[in-house]
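First comes the structure, then the notes that go with it.
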Amino acid sequence: EIDRTSLGEGFFTGIVEGVRGSAQPWIVERECPELDVSSLPPVKKSRRPNTTPILHIVATSQKGNTTIVIQNVTELKWLERNFARYVSPEVLVRMYQMSETDFFKPERREITVLFADLRGFTKMSSEIIPEAVHQTMNSFFAEMVSSVKSFEGTVDKFIGDQVMALFGAPVAQPHHALLGLICSLDMQKRHTQWMQKRLSEAKPAPQLGIGIATGEVVIANVGTSERLEYTALGHTVNLAARLCGDAHGGEILTIPST
């Protein structure tokens with residue numbers, strides 16, 4: 001069925017002819033929009049994301065015999081596309097191993113939420129050229145994302161000059177509050193170095209404020225059929241955002257439960 005409907009008539013015949021007699025394997029990944037996913041072998045813990053099936057195909061030939069191995073990598077590619085920029089490779093692997101109940105189903109869970117943003121960014125952005133604003137934000141976000149990944153957190157989203165990060169979701173972490181606190185210290189350390197470098201280059205160097213809260217939230221994929229976003233919802237998220245808003249440059253504000 002794959003050969004007939006999704007990859008073009010004679011696709012596998014072409015693979016056999018191309019790889020026969022070659023010492024190197026033939027490897028390709030191909031989207032198959034016309035392929036009925038029910039025709040694919042069932043995947044362990046399959047969650048079947050609502051997206052075009054993607055097949056990973058490896059062909060090898062030895063002594064006139066050709067072996068073709070086809071792997072359904074739809075779910076893995078979906079996770080990579082949506083999360084690879086925001087979590088460490090180790091967390092991504094653990095996400096792939098999670099069951100449907102652990103990942104796709106909305107649930108209540110205690111996690112730690114962190115917000116970090118620049119003080120005086122709005123004023124600064126109105127005083128420098130757009131290219132400078134763009135460069136400033138990219139370099140700032142690069143440091144913050146690197147810090148979150150270092151402590152196995154998840155960068156939930158960027159909101160203007162603000163970063164929202166989660167600890168304890170999507171992968172459960174027993175010490176999520178501690179990881180969030182240590183990450184916040186690392187963020188301030190990295191940001192101090194970032195400011196020193198920018199000041200040495202006569203560039204604006206706004207300070208960083210951070211807010212952290214620990215508590216119960218609802219974890220879910222929210223949005224529309226065209227665009228879903230994995231995020232946390234609830235009072236704890238709002239509290240962390242307000243703490244961040246109240247933090248002065250160089251400060252980290254949190255609550256007793258954290």
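Residues are named by chain letter and number: chains run A, B, ... in the order of the structure tokens, numbers start at 1 in each chain, and ligands are numbered from 1 in the order shown.
Within segment 123-168 of chain A, the backbone-based DSSP assignment of strand (DSSP E) covers Thr154, Val155, Asp156, Lys157, Phe158, Ile159, Gln162, Val163, Met164, Ala165, Leu166 and Phe167 of chain A.
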Residues of segment 194-228 of chain A in helix (DSSP H, G or I), written as a PyMOL selection string:
chain A and resi 194-200
Set out as CSV a contact list for segment 150-223 of chain A and segment 105-124 of chain A with a cut-off of 9 Å, giving each residue of segment 150-223 of chain A that qualifies its closest atom pair and distance in Å to one decimal, counting only C-alpha atoms, ordered by chain and rising residue number.
```
residue,atom,partner,partner_atom,distance
A:Gly160,CA,A:Asp117,CA,8.7
A:Asp161,CA,A:Asp117,CA,5.7
A:Gln162,CA,A:Asp117,CA,4.2
A:Val163,CA,A:Ala116,CA,5.3
A:Met164,CA,A:Phe115,CA,4.7
A:Ala165,CA,A:Leu114,CA,5.1
A:Leu166,CA,A:Val113,CA,4.9
A:Phe167,CA,A:Thr112,CA,5.1
A:Gly168,CA,A:Ile111,CA,4.9
A:Ala169,CA,A:Ile111,CA,6.8
A:Ala172,CA,A:Ile111,CA,8.3
A:Gln173,CA,A:Ile111,CA,8.4
A:His176,CA,A:Thr112,CA,6.0
A:Ala177,CA,A:Thr112,CA,5.5
A:Leu178,CA,A:Thr112,CA,8.9
A:Leu179,CA,A:Thr112,CA,8.7
A:Gly180,CA,A:Thr112,CA,6.5
A:Leu181,CA,A:Leu114,CA,8.8
A:Ser184,CA,A:Leu114,CA,8.0
A:Met187,CA,A:Ala116,CA,8.7
A:Pro204,CA,A:Met124,CA,7.5
A:Pro206,CA,A:Arg119,CA,5.8
A:Gln207,CA,A:Arg119,CA,5.5
A:Leu208,CA,A:Leu118,CA,4.7
A:Gly209,CA,A:Asp117,CA,5.7
A:Ile210,CA,A:Ala116,CA,4.4
A:Gly211,CA,A:Phe115,CA,5.3
A:Ile212,CA,A:Leu114,CA,4.5
A:Ala213,CA,A:Val113,CA,5.5
A:Thr214,CA,A:Thr112,CA,4.2
A:Gly215,CA,A:Glu110,CA,4.9
A:Glu216,CA,A:Glu110,CA,4.1
A:Val217,CA,A:Arg108,CA,5.5
A:Val218,CA,A:Arg108,CA,4.5
A:Ile219,CA,A:Glu107,CA,5.5
A:Ala220,CA,A:Pro106,CA,4.5
A:Asn221,CA,A:Pro106,CA,7.3
```
Resulting file, chosen residues, N, CA, C and O atoms, as a compact mmCIF listing (two decimals), in the first residue's frame:
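Heads up, here's the output in out28.txt:
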```txt
# COMPACT_ATOMS: atom_id res chain seq x y z
N GLY A 160 6.84 38.59 24.55
CA GLY A 160 7.62 39.83 24.45
C GLY A 160 9.06 39.57 24.85
O GLY A 160 9.75 38.75 24.24
N ASP A 161 9.51 40.25 25.91
CA ASP A 161 10.87 40.05 26.41
C ASP A 161 10.89 39.06 27.57
O ASP A 161 11.90 38.93 28.27
N GLN A 162 9.80 38.35 27.77
CA GLN A 162 9.65 37.46 28.93
C GLN A 162 9.76 36.00 28.53
O GLN A 162 9.30 35.58 27.47
N VAL A 163 10.39 35.22 29.41
CA VAL A 163 10.51 33.77 29.23
C VAL A 163 9.67 33.09 30.30
O VAL A 163 9.76 33.44 31.48
N MET A 164 8.87 32.10 29.90
CA MET A 164 8.12 31.28 30.85
C MET A 164 8.67 29.87 30.79
O MET A 164 8.77 29.28 29.71
N ALA A 165 9.06 29.32 31.95
CA ALA A 165 9.62 27.97 31.99
C ALA A 165 8.90 27.12 33.03
O ALA A 165 8.42 27.63 34.05
N LEU A 166 8.85 25.82 32.77
CA LEU A 166 8.19 24.87 33.66
C LEU A 166 9.20 23.85 34.18
O LEU A 166 10.06 23.39 33.42
N PHE A 167 9.07 23.50 35.44
CA PHE A 167 9.86 22.42 36.03
C PHE A 167 8.89 21.42 36.64
O PHE A 167 8.03 21.80 37.45
N GLY A 168 8.98 20.17 36.20
CA GLY A 168 8.02 19.15 36.63
C GLY A 168 7.00 18.81 35.57
O GLY A 168 6.09 18.01 35.81
N ALA A 169 7.12 19.39 34.38
CA ALA A 169 6.24 19.08 33.25
C ALA A 169 6.99 19.40 31.96
O ALA A 169 7.75 20.37 31.92
N ALA A 172 7.67 14.45 34.89
CA ALA A 172 7.59 14.66 36.34
C ALA A 172 9.00 14.67 36.95
O ALA A 172 9.85 13.87 36.59
N GLN A 173 9.22 15.62 37.87
CA GLN A 173 10.51 15.74 38.56
C GLN A 173 10.24 15.92 40.05
O GLN A 173 9.60 16.90 40.45
N HIS A 176 11.37 19.46 41.50
CA HIS A 176 11.14 20.54 40.52
C HIS A 176 11.36 21.92 41.13
O HIS A 176 11.88 22.82 40.47
N ALA A 177 10.99 22.12 42.39
CA ALA A 177 11.16 23.43 43.01
C ALA A 177 12.65 23.78 43.15
O ALA A 177 13.07 24.90 42.87
N LEU A 178 13.43 22.80 43.58
CA LEU A 178 14.87 23.02 43.73
C LEU A 178 15.52 23.32 42.38
O LEU A 178 16.34 24.23 42.26
N LEU A 179 15.12 22.57 41.35
CA LEU A 179 15.66 22.80 40.01
C LEU A 179 15.31 24.20 39.52
O LEU A 179 16.15 24.89 38.92
N GLY A 180 14.08 24.64 39.79
CA GLY A 180 13.67 25.98 39.38
C GLY A 180 14.48 27.07 40.08
O GLY A 180 14.89 28.05 39.46
N LEU A 181 14.72 26.88 41.38
CA LEU A 181 15.50 27.87 42.13
C LEU A 181 16.95 27.93 41.67
O LEU A 181 17.51 29.02 41.48
N SER A 184 17.15 29.68 38.42
CA SER A 184 17.02 31.14 38.53
C SER A 184 18.35 31.79 38.91
O SER A 184 18.69 32.87 38.41
N MET A 187 20.47 31.72 35.87
CA MET A 187 20.02 32.76 34.93
C MET A 187 20.62 34.11 35.30
O MET A 187 21.11 34.85 34.43
N PRO A 204 23.04 48.69 25.13
CA PRO A 204 22.14 48.67 26.29
C PRO A 204 22.17 47.31 26.99
O PRO A 204 22.24 46.28 26.32
N PRO A 206 19.91 45.91 29.90
CA PRO A 206 18.88 45.93 30.95
C PRO A 206 19.04 44.77 31.92
O PRO A 206 19.49 43.69 31.55
N GLN A 207 18.65 45.02 33.18
CA GLN A 207 18.76 43.99 34.20
C GLN A 207 17.61 42.99 34.10
O GLN A 207 16.64 43.20 33.37
N LEU A 208 17.72 41.91 34.89
CA LEU A 208 16.78 40.80 34.81
C LEU A 208 16.03 40.62 36.12
O LEU A 208 16.63 40.60 37.20
N GLY A 209 14.71 40.46 36.04
CA GLY A 209 13.89 40.13 37.20
C GLY A 209 13.26 38.76 37.01
O GLY A 209 12.88 38.39 35.90
N ILE A 210 13.16 37.99 38.10
CA ILE A 210 12.66 36.62 38.01
C ILE A 210 11.61 36.38 39.11
O ILE A 210 11.79 36.80 40.25
N GLY A 211 10.54 35.67 38.75
CA GLY A 211 9.52 35.25 39.72
C GLY A 211 9.29 33.76 39.61
O GLY A 211 9.25 33.21 38.50
N ILE A 212 9.17 33.09 40.77
CA ILE A 212 8.99 31.63 40.80
C ILE A 212 7.87 31.28 41.76
O ILE A 212 7.81 31.80 42.88
N ALA A 213 7.00 30.36 41.34
CA ALA A 213 5.93 29.87 42.23
C ALA A 213 5.75 28.37 42.02
O ALA A 213 5.90 27.86 40.91
N THR A 214 5.43 27.69 43.12
CA THR A 214 5.18 26.25 43.09
C THR A 214 3.75 25.99 43.54
O THR A 214 3.29 26.57 44.52
N GLY A 215 3.05 25.13 42.81
CA GLY A 215 1.68 24.82 43.18
C GLY A 215 1.00 23.98 42.12
O GLY A 215 1.61 23.62 41.11
N GLU A 216 -0.27 23.73 42.34
CA GLU A 216 -1.03 22.89 41.41
C GLU A 216 -1.45 23.69 40.19
O GLU A 216 -1.92 24.83 40.29
N VAL A 217 -1.29 23.09 39.03
CA VAL A 217 -1.71 23.70 37.77
C VAL A 217 -2.42 22.64 36.93
O VAL A 217 -2.39 21.45 37.25
N VAL A 218 -3.04 23.08 35.86
CA VAL A 218 -3.58 22.16 34.85
C VAL A 218 -2.61 22.16 33.68
O VAL A 218 -2.29 23.21 33.12
N ILE A 219 -2.10 20.98 33.34
CA ILE A 219 -1.20 20.80 32.21
C ILE A 219 -2.01 20.27 31.04
O ILE A 219 -2.73 19.27 31.17
N ALA A 220 -1.91 20.92 29.88
CA ALA A 220 -2.72 20.49 28.74
C ALA A 220 -2.19 21.06 27.44
O ALA A 220 -1.43 22.04 27.43
N ASN A 221 -2.59 20.43 26.33
CA ASN A 221 -2.41 21.01 25.01
C ASN A 221 -3.63 21.87 24.73
O ASN A 221 -4.75 21.36 24.67
```
Rank A:Leu185, A:Leu239, A:Ile70, A:Leu199 by their smallest atom-to-atom distance to Glu251 of chain A, using only C-alpha atoms, and report the top residue only.
A:Leu185
Check the smallest atom-to-atom distance from each of A:Asp156, A:Arg198, A:Ser146, A:Gly18 to Leu233 of chain A using only C-alpha atoms, then report the winner.
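Ranked by minimum distance to Leu233 of chain A, first place goes to A:Asp156.
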Please compute the atom CA of Ile255 of chain A-atom CA of Asp186 of chain A distance, one decimal, in Å.
18.7 Å
With distances taken over only C-alpha atoms, which residue among A:Gln188, A:Phe158, A:His56, A:Ile128 lies nearest Glu143 of chain A?
A:Gln188
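Going from atom CA of Gln24 of chain A over to atom CA of Thr60 of chain A, you cover 7.2 Å.
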Atom CA of Glu152 of chain A to atom CA of Leu79 of chain A, distance in Å rounded to a single decimal
16.0 Å
Residues at most 9 Å from Gln62 of chain A, counting only C-alpha atoms, excluding those fewer than 3 positions away in the same chain, as a short mmCIF file (atom, residue, chain, number, x, y, z; two decimals) with C-alpha atoms, in the first residue's frame?
```cif
data_model
loop_
_atom_site.label_atom_id
_atom_site.label_comp_id
_atom_site.auth_asym_id
_atom_site.auth_seq_id
_atom_site.Cartn_x
_atom_site.Cartn_y
_atom_site.Cartn_z
CA ARG A 20 22.04 -3.28 -5.00
CA GLY A 21 25.77 -3.76 -5.16
CA SER A 22 26.42 -0.67 -3.04
CA ALA A 23 28.44 -0.87 0.16
CA ASN A 65 19.61 -9.64 -1.25
CA THR A 66 18.07 -6.32 -0.29
CA THR A 67 16.52 -5.59 3.11
#
```
From the list A:Val155, A:Ile182, A:Ile68, A:Val93, which residue is nearest Glu80 of chain A when using only C-alpha atoms?
A:Val93
Would you list the contacts of Lys203 of chain A as a list in words, taking every protein, DNA or RNA residue within 9 Å and counting only C-alpha atoms, but skipping same-chain residues closer than 6 positions in sequence?
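The filter keeps Ala132, Thr136, Met195 and Lys197 of chain A.
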Residues of the last selection are to be written out with C-alpha atoms, as a short mmCIF file (atom, residue, chain, number, x, y, z; two decimals), in the first residue's frame.
```
data_model
loop_
_atom_site.label_atom_id
_atom_site.label_comp_id
_atom_site.auth_asym_id
_atom_site.auth_seq_id
_atom_site.Cartn_x
_atom_site.Cartn_y
_atom_site.Cartn_z
CA ALA A 132 19.48 46.18 17.64
CA THR A 136 19.35 42.01 21.94
CA MET A 195 25.34 42.62 30.67
CA LYS A 197 29.79 41.96 27.63
#
```
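In terms of minimum interatomic distance to Pro53 of chain A, A:Val73 ranks closest within A:Val73, A:Ala232, A:Val237, A:Ala205, counting only C-alpha atoms.
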